[in-house]
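Here's the structure we're looking at; comments come further down.
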Amino acid sequence: MSTLVKARGLTKHYGALAALDKVDFDIEEGRIVGLIGPNGAGKTTALKAILGLTDFDGELDVLGHDPRKGREKMMREVCFIADVATLPRWLKVAHAIEYVEAVHPRFSRTRALHFLERTKISQASRVGQLSKGMVTQLHLALIMAIDAKLLILDEPTLGLDILYRKEFYSNLLNDYFDEKRTILVTTHQVEEVEKLLTDLMFIHNGRIVLNDSMEGVSEKYAEVLVNAERVEQARALMPLHEREVFGKKLFLFEGADQAKLRDLGEIHTPSIADLFVAKMKGEVQ
Amino acid sequence: MNAIRPYWMLAKREVWEHKSLWIVPIVVACLVALGSSYGGVALIVAAHQGVITVNNMGISGDARGGLHIAMLAMAGLFNVVMLFMVWFYLMDSLYADRKDRSVLFWRSMPVSDTATVLSKLFTGMVTAPAFMFVLVVIVEIVAGMIFTIASGIIGVNLLHEAFYPGTIILTWIVLAFALIQQSLWLLPYWGWFLLCSAWAKKLVLAWVVLIPLGAILIELIVFRSHYLSDGILGHIGRGLVLFGSYGKHGPQMGFHGGAHIFGQPGDIAVTLGSVAYMFTLPEMWIGVGIGIIFILGAIWLRRHRSEI
């Protein structure tokens, strides 16, 4: 397994605001990494830095390239879907295929047509005539037909209905992802990617506040539903977060002794959303 | 993979996106062909009604020069249309995809920003004039045939009296050469349009027009001089051979003056020499230099400031 992206002291300021504040992280081959954070946390800035779409300070290595230089070489191995509707409305579907085929050395027309066959998209249509969901299907078909090492998705399903959203991720998993490929995804709809991710990265105020594999997360974090009479006992174990559920208290612990927790009540792994809330609140305090 | 293929595709992409670049000149061509047909019919009708007679139609004297001037005048019409189309095309070329955010798609492909900007410039400087040239040749052949037939009907053999293959071919060669010279002469403007197109967050036209206009007015009011207006506006007038101007001696509209450059009246009006003369002017190369600076600026902006 090799490291595809290596960031050291990655920093980006917008005026006085630090969108990224000396951030370090690695992204390994064959992983699906979720980059999760509130609005303005620095997610998009991090993706833009990796894609060479913004200047930054610090070190960043993407597949052996510095994204600030020789971007077009790097983009032969890195694919990117910003969000829905970045395909221009005037473009014909057939032309889109023809274009990518001509400029991208790793594109396979056969694969793209294979993916398109499963949709209702006609090659004679213009992007402007397609529904939002179909435009995303088209974009995904184009991108999945490229034999790239790293795929970056920035809110790829924003504004899509639930059918298209489900289909988007199942296509990615079934037809695209393998141990040679790596996906970095940001999204607000964390429930959607929860089952998909192999790695989780939380970013808040320009800093990485959690960076772990999903196995690591389920080992380190535990949620316990505690009856009212044992609340003080639970609090003594220094929970990260507590909230009320049906008259009981739900505690979220980080790195606590599993045996002691089992004593308090039923243990389960927190959802990404709950973990996220707990971590963000912890940051604020 | 063929190394030229991506660049060929970038040029083709522009043709897909900016259809008006081709459709408008084609419409003009159709109108001119229609006009020629009308002219041909009018000629026959006039001859029939005795409004004109074959004798006093008098294709006399300088038939070669007349043919040459008529052909260039027709090219001039297409040229005006083409220049306006290229102007608006270039202003839109680096702006439209930033506005609709499709720039994120284009920049997700392994295409350098330099190649992107140069593909727009190529479309304005090479593809559009080349297309115009082909259209002019076709329309001139069609119009020539229409008038030949019409004249034949009223008893004048134009093929014999007015069409000199040498003049026709030479005029087309001069036209092609003049279009190349024109593209280079106008490079500072093309570069400026690209720069504004890469820069503006809205209203590209306002940046394109108001900055030079402001600079000209400030110079005029503060320094009471007009070097900028001479450089910015005068430059256009001095360099467009197809409109009859040539260097510091012009602008001279029409094809009468400047016999020392054009050759004798009655000979052909715009010669290869008169176009070549423009390449010897420092003004041409200073303009090209300024154009290159603007284009480098546009590439830099595309690379670093592509978001609106």
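By order in the structure tokens, chains are A, B, ...; within a chain, residues start at 1; ligands start at 1, following the order shown.
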Please, which residues in chain A fall within 6 Å of chain B when counting only C-alpha atoms, and what is the closest atom pair and distance in Å to one decimal for each, ordered by chain then residue number, as CSV?
residue,atom,partner,partner_atom,distance
A:Glu72,CA,B:Pro110,CA,4.3
A:Met75,CA,B:Pro110,CA,4.7
A:Arg76,CA,B:Pro110,CA,5.3
A:Phe80,CA,B:Ser108,CA,5.7
A:Thr86,CA,B:Ser102,CA,4.4
A:Leu87,CA,B:Ser102,CA,5.3
A:Pro88,CA,B:Ser102,CA,5.3
A:Ala102,CA,B:Pro6,CA,5.3
A:Val103,CA,B:Pro6,CA,4.6
Worksheet entry | Polymer residues at most 12 Å from Ala276 (chain B), only C-alpha atoms, same-chain spacing of 2 or more positions, as a PyMOL selection string | chain B and resi 174+177-182+239+241+246-247+261-262+270-274+278-281+284
Hey, can you spit out that residue selection with N, CA and C atoms as a PDB file, in the first residue's frame?
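Contents of out_27.pdb, as written:
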ATOM      1  N   VAL B 174      -3.750  37.518 -51.840  1.00  0.00           N
ATOM      2  CA  VAL B 174      -3.585  38.775 -51.098  1.00  0.00           C
ATOM      3  C   VAL B 174      -4.513  38.785 -49.887  1.00  0.00           C
ATOM      4  N   PHE B 177      -3.168  36.558 -47.131  1.00  0.00           N
ATOM      5  CA  PHE B 177      -2.004  37.196 -46.519  1.00  0.00           C
ATOM      6  C   PHE B 177      -2.456  38.356 -45.624  1.00  0.00           C
ATOM      7  N   ALA B 178      -3.407  39.141 -46.134  1.00  0.00           N
ATOM      8  CA  ALA B 178      -3.900  40.296 -45.371  1.00  0.00           C
ATOM      9  C   ALA B 178      -4.604  39.847 -44.088  1.00  0.00           C
ATOM     10  N   LEU B 179      -5.278  38.698 -44.144  1.00  0.00           N
ATOM     11  CA  LEU B 179      -5.958  38.206 -42.935  1.00  0.00           C
ATOM     12  C   LEU B 179      -4.954  37.780 -41.872  1.00  0.00           C
ATOM     13  N   ILE B 180      -3.843  37.184 -42.334  1.00  0.00           N
ATOM     14  CA  ILE B 180      -2.785  36.810 -41.383  1.00  0.00           C
ATOM     15  C   ILE B 180      -2.212  38.064 -40.733  1.00  0.00           C
ATOM     16  N   GLN B 181      -1.929  39.051 -41.575  1.00  0.00           N
ATOM     17  CA  GLN B 181      -1.380  40.310 -41.056  1.00  0.00           C
ATOM     18  C   GLN B 181      -2.368  40.964 -40.087  1.00  0.00           C
ATOM     19  N   GLN B 182      -3.630  40.925 -40.434  1.00  0.00           N
ATOM     20  CA  GLN B 182      -4.656  41.557 -39.601  1.00  0.00           C
ATOM     21  C   GLN B 182      -4.743  40.898 -38.225  1.00  0.00           C
ATOM     22  N   GLY B 239      -3.746  49.793 -39.393  1.00  0.00           N
ATOM     23  CA  GLY B 239      -3.201  48.475 -39.729  1.00  0.00           C
ATOM     24  C   GLY B 239      -4.068  47.574 -40.577  1.00  0.00           C
ATOM     25  N   VAL B 241      -5.244  46.578 -43.651  1.00  0.00           N
ATOM     26  CA  VAL B 241      -5.029  46.728 -45.089  1.00  0.00           C
ATOM     27  C   VAL B 241      -6.316  46.447 -45.854  1.00  0.00           C
ATOM     28  N   TYR B 246      -2.942  51.779 -44.264  1.00  0.00           N
ATOM     29  CA  TYR B 246      -1.614  51.191 -44.272  1.00  0.00           C
ATOM     30  C   TYR B 246      -0.657  52.074 -43.474  1.00  0.00           C
ATOM     31  N   GLY B 247      -0.345  51.643 -42.308  1.00  0.00           N
ATOM     32  CA  GLY B 247       0.685  52.281 -41.505  1.00  0.00           C
ATOM     33  C   GLY B 247       0.387  53.747 -41.189  1.00  0.00           C
ATOM     34  N   ILE B 261       2.598  52.630 -52.737  1.00  0.00           N
ATOM     35  CA  ILE B 261       2.616  51.324 -52.085  1.00  0.00           C
ATOM     36  C   ILE B 261       1.737  50.341 -52.848  1.00  0.00           C
ATOM     37  N   PHE B 262       0.615  50.849 -53.256  1.00  0.00           N
ATOM     38  CA  PHE B 262      -0.350  49.951 -53.889  1.00  0.00           C
ATOM     39  C   PHE B 262       0.042  49.595 -55.322  1.00  0.00           C
ATOM     40  N   VAL B 270      -4.729  46.317 -53.620  1.00  0.00           N
ATOM     41  CA  VAL B 270      -3.935  45.868 -52.481  1.00  0.00           C
ATOM     42  C   VAL B 270      -2.995  44.785 -52.991  1.00  0.00           C
ATOM     43  N   THR B 271      -1.731  45.015 -52.818  1.00  0.00           N
ATOM     44  CA  THR B 271      -0.772  44.040 -53.335  1.00  0.00           C
ATOM     45  C   THR B 271      -0.173  43.244 -52.180  1.00  0.00           C
ATOM     46  N   LEU B 272       0.489  42.176 -52.539  1.00  0.00           N
ATOM     47  CA  LEU B 272       1.236  41.433 -51.523  1.00  0.00           C
ATOM     48  C   LEU B 272       2.249  42.358 -50.867  1.00  0.00           C
ATOM     49  N   GLY B 273       2.807  43.264 -51.699  1.00  0.00           N
ATOM     50  CA  GLY B 273       3.797  44.211 -51.176  1.00  0.00           C
ATOM     51  C   GLY B 273       3.200  45.129 -50.125  1.00  0.00           C
ATOM     52  N   SER B 274       1.964  45.580 -50.349  1.00  0.00           N
ATOM     53  CA  SER B 274       1.377  46.504 -49.378  1.00  0.00           C
ATOM     54  C   SER B 274       1.076  45.796 -48.066  1.00  0.00           C
ATOM     55  N   MET B 278       3.439  46.150 -44.003  1.00  0.00           N
ATOM     56  CA  MET B 278       2.987  46.270 -42.622  1.00  0.00           C
ATOM     57  C   MET B 278       3.894  45.502 -41.650  1.00  0.00           C
ATOM     58  N   PHE B 279       4.460  44.406 -42.153  1.00  0.00           N
ATOM     59  CA  PHE B 279       5.325  43.600 -41.287  1.00  0.00           C
ATOM     60  C   PHE B 279       6.644  44.317 -40.970  1.00  0.00           C
ATOM     61  N   THR B 280       6.953  45.355 -41.760  1.00  0.00           N
ATOM     62  CA  THR B 280       8.211  46.076 -41.519  1.00  0.00           C
ATOM     63  C   THR B 280       8.020  47.200 -40.502  1.00  0.00           C
ATOM     64  N   LEU B 281       6.767  47.467 -40.102  1.00  0.00           N
ATOM     65  CA  LEU B 281       6.527  48.592 -39.196  1.00  0.00           C
ATOM     66  C   LEU B 281       6.784  48.187 -37.750  1.00  0.00           C
ATOM     67  N   MET B 284       3.693  47.387 -35.612  1.00  0.00           N
ATOM     68  CA  MET B 284       3.105  46.050 -35.652  1.00  0.00           C
ATOM     69  C   MET B 284       3.689  45.173 -34.547  1.00  0.00           C
TER      70      MET B 284
END
Discussion item. I want to know what sits within 10 Å of Ile81 (chain A), based on only C-alpha atoms, with residues of the same chain fewer than 6 positions away left out; could you give that as a list of chain:residue names?
Written reply: A:Leu87, A:Thr136, A:His139, A:Leu140, A:Ile143, A:Leu151, A:Ile152, A:Leu153, A:Asp154, A:Glu155, A:Pro156, A:Thr157, A:Val185, B:Leu104, B:Phe105, B:Ser108
Next, the residues of the selection above should be written as a CSV table (one decimal), in the first residue's frame with N, CA and C atoms.
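Full text of out_1.csv as output:
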chain,number,residue,atom,x,y,z
A,87,LEU,N,-21.2,20.2,-15.6
A,87,LEU,CA,-21.1,20.0,-17.1
A,87,LEU,C,-21.9,21.2,-17.8
A,136,THR,N,-25.7,14.1,-13.5
A,136,THR,CA,-24.8,13.4,-12.5
A,136,THR,C,-24.4,12.0,-13.0
A,139,HIS,N,-21.9,12.5,-15.8
A,139,HIS,CA,-20.6,12.9,-15.3
A,139,HIS,C,-19.9,11.7,-14.6
A,140,LEU,N,-20.7,10.9,-13.9
A,140,LEU,CA,-20.1,9.8,-13.2
A,140,LEU,C,-19.7,8.7,-14.3
A,143,ILE,N,-16.4,9.9,-15.7
A,143,ILE,CA,-15.3,9.8,-14.7
A,143,ILE,C,-15.0,8.3,-14.4
A,151,LEU,N,-9.8,9.6,-6.9
A,151,LEU,CA,-11.1,10.3,-7.3
A,151,LEU,C,-11.5,11.2,-6.2
A,152,ILE,N,-11.8,12.4,-6.5
A,152,ILE,CA,-12.1,13.4,-5.5
A,152,ILE,C,-13.6,13.8,-5.7
A,153,LEU,N,-14.4,13.7,-4.7
A,153,LEU,CA,-15.8,14.1,-4.9
A,153,LEU,C,-16.2,15.1,-3.8
A,154,ASP,N,-16.6,16.3,-4.3
A,154,ASP,CA,-17.0,17.4,-3.4
A,154,ASP,C,-18.5,17.5,-3.4
A,155,GLU,N,-19.2,17.0,-2.4
A,155,GLU,CA,-20.6,17.1,-2.4
A,155,GLU,C,-21.3,16.6,-3.7
A,156,PRO,N,-20.9,15.4,-4.1
A,156,PRO,CA,-21.3,14.9,-5.4
A,156,PRO,C,-22.8,14.7,-5.6
A,157,THR,N,-23.6,14.6,-4.5
A,157,THR,CA,-25.0,14.2,-4.7
A,157,THR,C,-25.9,15.4,-4.2
A,185,VAL,N,-14.0,11.9,-0.4
A,185,VAL,CA,-15.3,12.5,-0.6
A,185,VAL,C,-15.6,13.4,0.6
B,104,LEU,N,-15.0,24.1,-13.6
B,104,LEU,CA,-14.6,23.0,-12.7
B,104,LEU,C,-14.5,21.7,-13.5
B,105,PHE,N,-15.4,21.5,-14.4
B,105,PHE,CA,-15.3,20.3,-15.3
B,105,PHE,C,-14.1,20.4,-16.2
B,108,SER,N,-10.9,19.8,-14.6
B,108,SER,CA,-10.7,18.4,-14.0
B,108,SER,C,-10.0,17.5,-15.0
Worksheet item: Excluding same-chain residues fewer than 2 positions from region 19-30 of chain A, what lies within 7 Å of it counting only C-alpha atoms, as a list in words?
Response: Met1, Ser2, Thr3, Leu4, Val5, Lys6, Ala7, Arg8, Gly9, Leu10, Thr11, Lys12, His13, Tyr14, Leu17, Ile32, Ala41, Gly42, Thr45, Asp178, Glu179, Lys180, Arg181, Thr182, Asn205, Gly206, Arg207 and Ile208 of chain A
Restricting it to C-alpha atoms, dump the selection as a tab-separated table (two decimals), in the first residue's frame.
chain	number	residue	atom	x	y	z
A	1	MET	CA	0.00	0.00	0.00
A	2	SER	CA	1.39	3.37	-0.90
A	3	THR	CA	0.62	6.90	0.17
A	4	LEU	CA	-1.13	8.86	-2.55
A	5	VAL	CA	-1.52	12.18	-0.81
A	6	LYS	CA	0.82	13.51	1.81
A	7	ALA	CA	0.16	16.90	3.44
A	8	ARG	CA	2.54	18.49	5.92
A	9	GLY	CA	1.84	21.86	7.45
A	10	LEU	CA	-0.76	22.57	4.80
A	11	THR	CA	-1.91	26.14	5.36
A	12	LYS	CA	-4.20	28.50	3.55
A	13	HIS	CA	-5.30	31.93	4.69
A	14	TYR	CA	-8.12	34.01	3.29
A	17	LEU	CA	-9.03	33.71	8.38
A	32	ILE	CA	-12.39	5.59	0.76
A	41	ALA	CA	-14.34	24.30	8.09
A	42	GLY	CA	-11.79	24.06	5.28
A	45	THR	CA	-10.09	24.39	0.54
A	178	ASP	CA	-11.10	-1.58	-6.10
A	179	GLU	CA	-7.90	-1.91	-4.11
A	180	LYS	CA	-6.00	0.14	-6.69
A	181	ARG	CA	-8.30	3.11	-6.45
A	182	THR	CA	-8.76	5.72	-3.82
A	205	ASN	CA	-11.77	25.57	11.94
A	206	GLY	CA	-8.99	24.62	9.58
A	207	ARG	CA	-7.68	21.77	11.74
A	208	ILE	CA	-8.03	18.01	11.58
List as a compact mmCIF listing (two decimals) with C-alpha atoms, in the first residue's frame the protein and nucleic acid residues near Gln123 (chain A), meaning an atom at most 10 Å away when only C-alpha atoms are counted, but skip any in the same chain fewer than 6 places from it.
# COMPACT_ATOMS: atom_id res chain seq x y z
CA LYS A 92 -23.91 17.32 -26.33
CA VAL A 93 -23.53 13.95 -24.65
CA ALA A 94 -21.75 12.48 -27.69
CA HIS A 95 -19.41 15.49 -27.75
CA ALA A 96 -18.64 15.13 -24.06
CA ILE A 97 -17.48 11.57 -24.70
CA LEU A 113 -20.83 3.74 -23.25
CA LEU A 116 -24.47 5.11 -20.22
Worksheet item: Taking only C-alpha atoms into account, which of B:Ile295, B:Ala73, B:Val80, B:Ala47 comes nearest Ala198 (chain B)?
Response: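 Under the stated criterion, the closest residue is B:Ile295.
In this comparison, which uses only C-alpha atoms, the residue of B:Cys196, B:Leu21, B:Leu186, B:Ile292 approaching Pro212 (chain B) most closely is B:Cys196.
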Fill in: Gap from CA of Ala42 (chain B) to CA of Ile69 (chain B) - Å, one decimal
21.7 Å
Worksheet item: Could you write out, as a VMD selection string, all the residues of region 174-258 of chain B that DSSP marks as helix (DSSP H, G or I)?
Response: chain B and resid 174 to 185 187 to 199 204 to 223 227 to 232 234 to 239 241 to 243 247 to 249
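Our summary of the geometry notes that CA of Val142 (chain B) is positioned 20.1 Å from CA of Val45 (chain B).
Atom pair CA of Thr269 (chain A) / CA of Ala46 (chain A) has a distance of 27.9 Å (rounded to one decimal).
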List the spatial neighbours of Met74 (chain B) as a PDB file with C-alpha atoms, in the first residue's frame - criterion: any atom at most 8 Å away, only C-alpha atoms, same-chain residues fewer than 3 positions off excluded.
ATOM      1  CA  ALA B  70     -15.104  44.324 -55.993  1.00  0.00           C
ATOM      2  CA  MET B  71     -13.712  41.076 -54.626  1.00  0.00           C
ATOM      3  CA  LEU B  77     -18.046  43.001 -45.594  1.00  0.00           C
ATOM      4  CA  PHE B  78     -17.332  39.517 -44.248  1.00  0.00           C
ATOM      5  CA  VAL B 136     -15.565  34.550 -49.185  1.00  0.00           C
ATOM      6  CA  GLU B 140     -17.287  35.089 -54.823  1.00  0.00           C
TER       7      GLU B 140
END
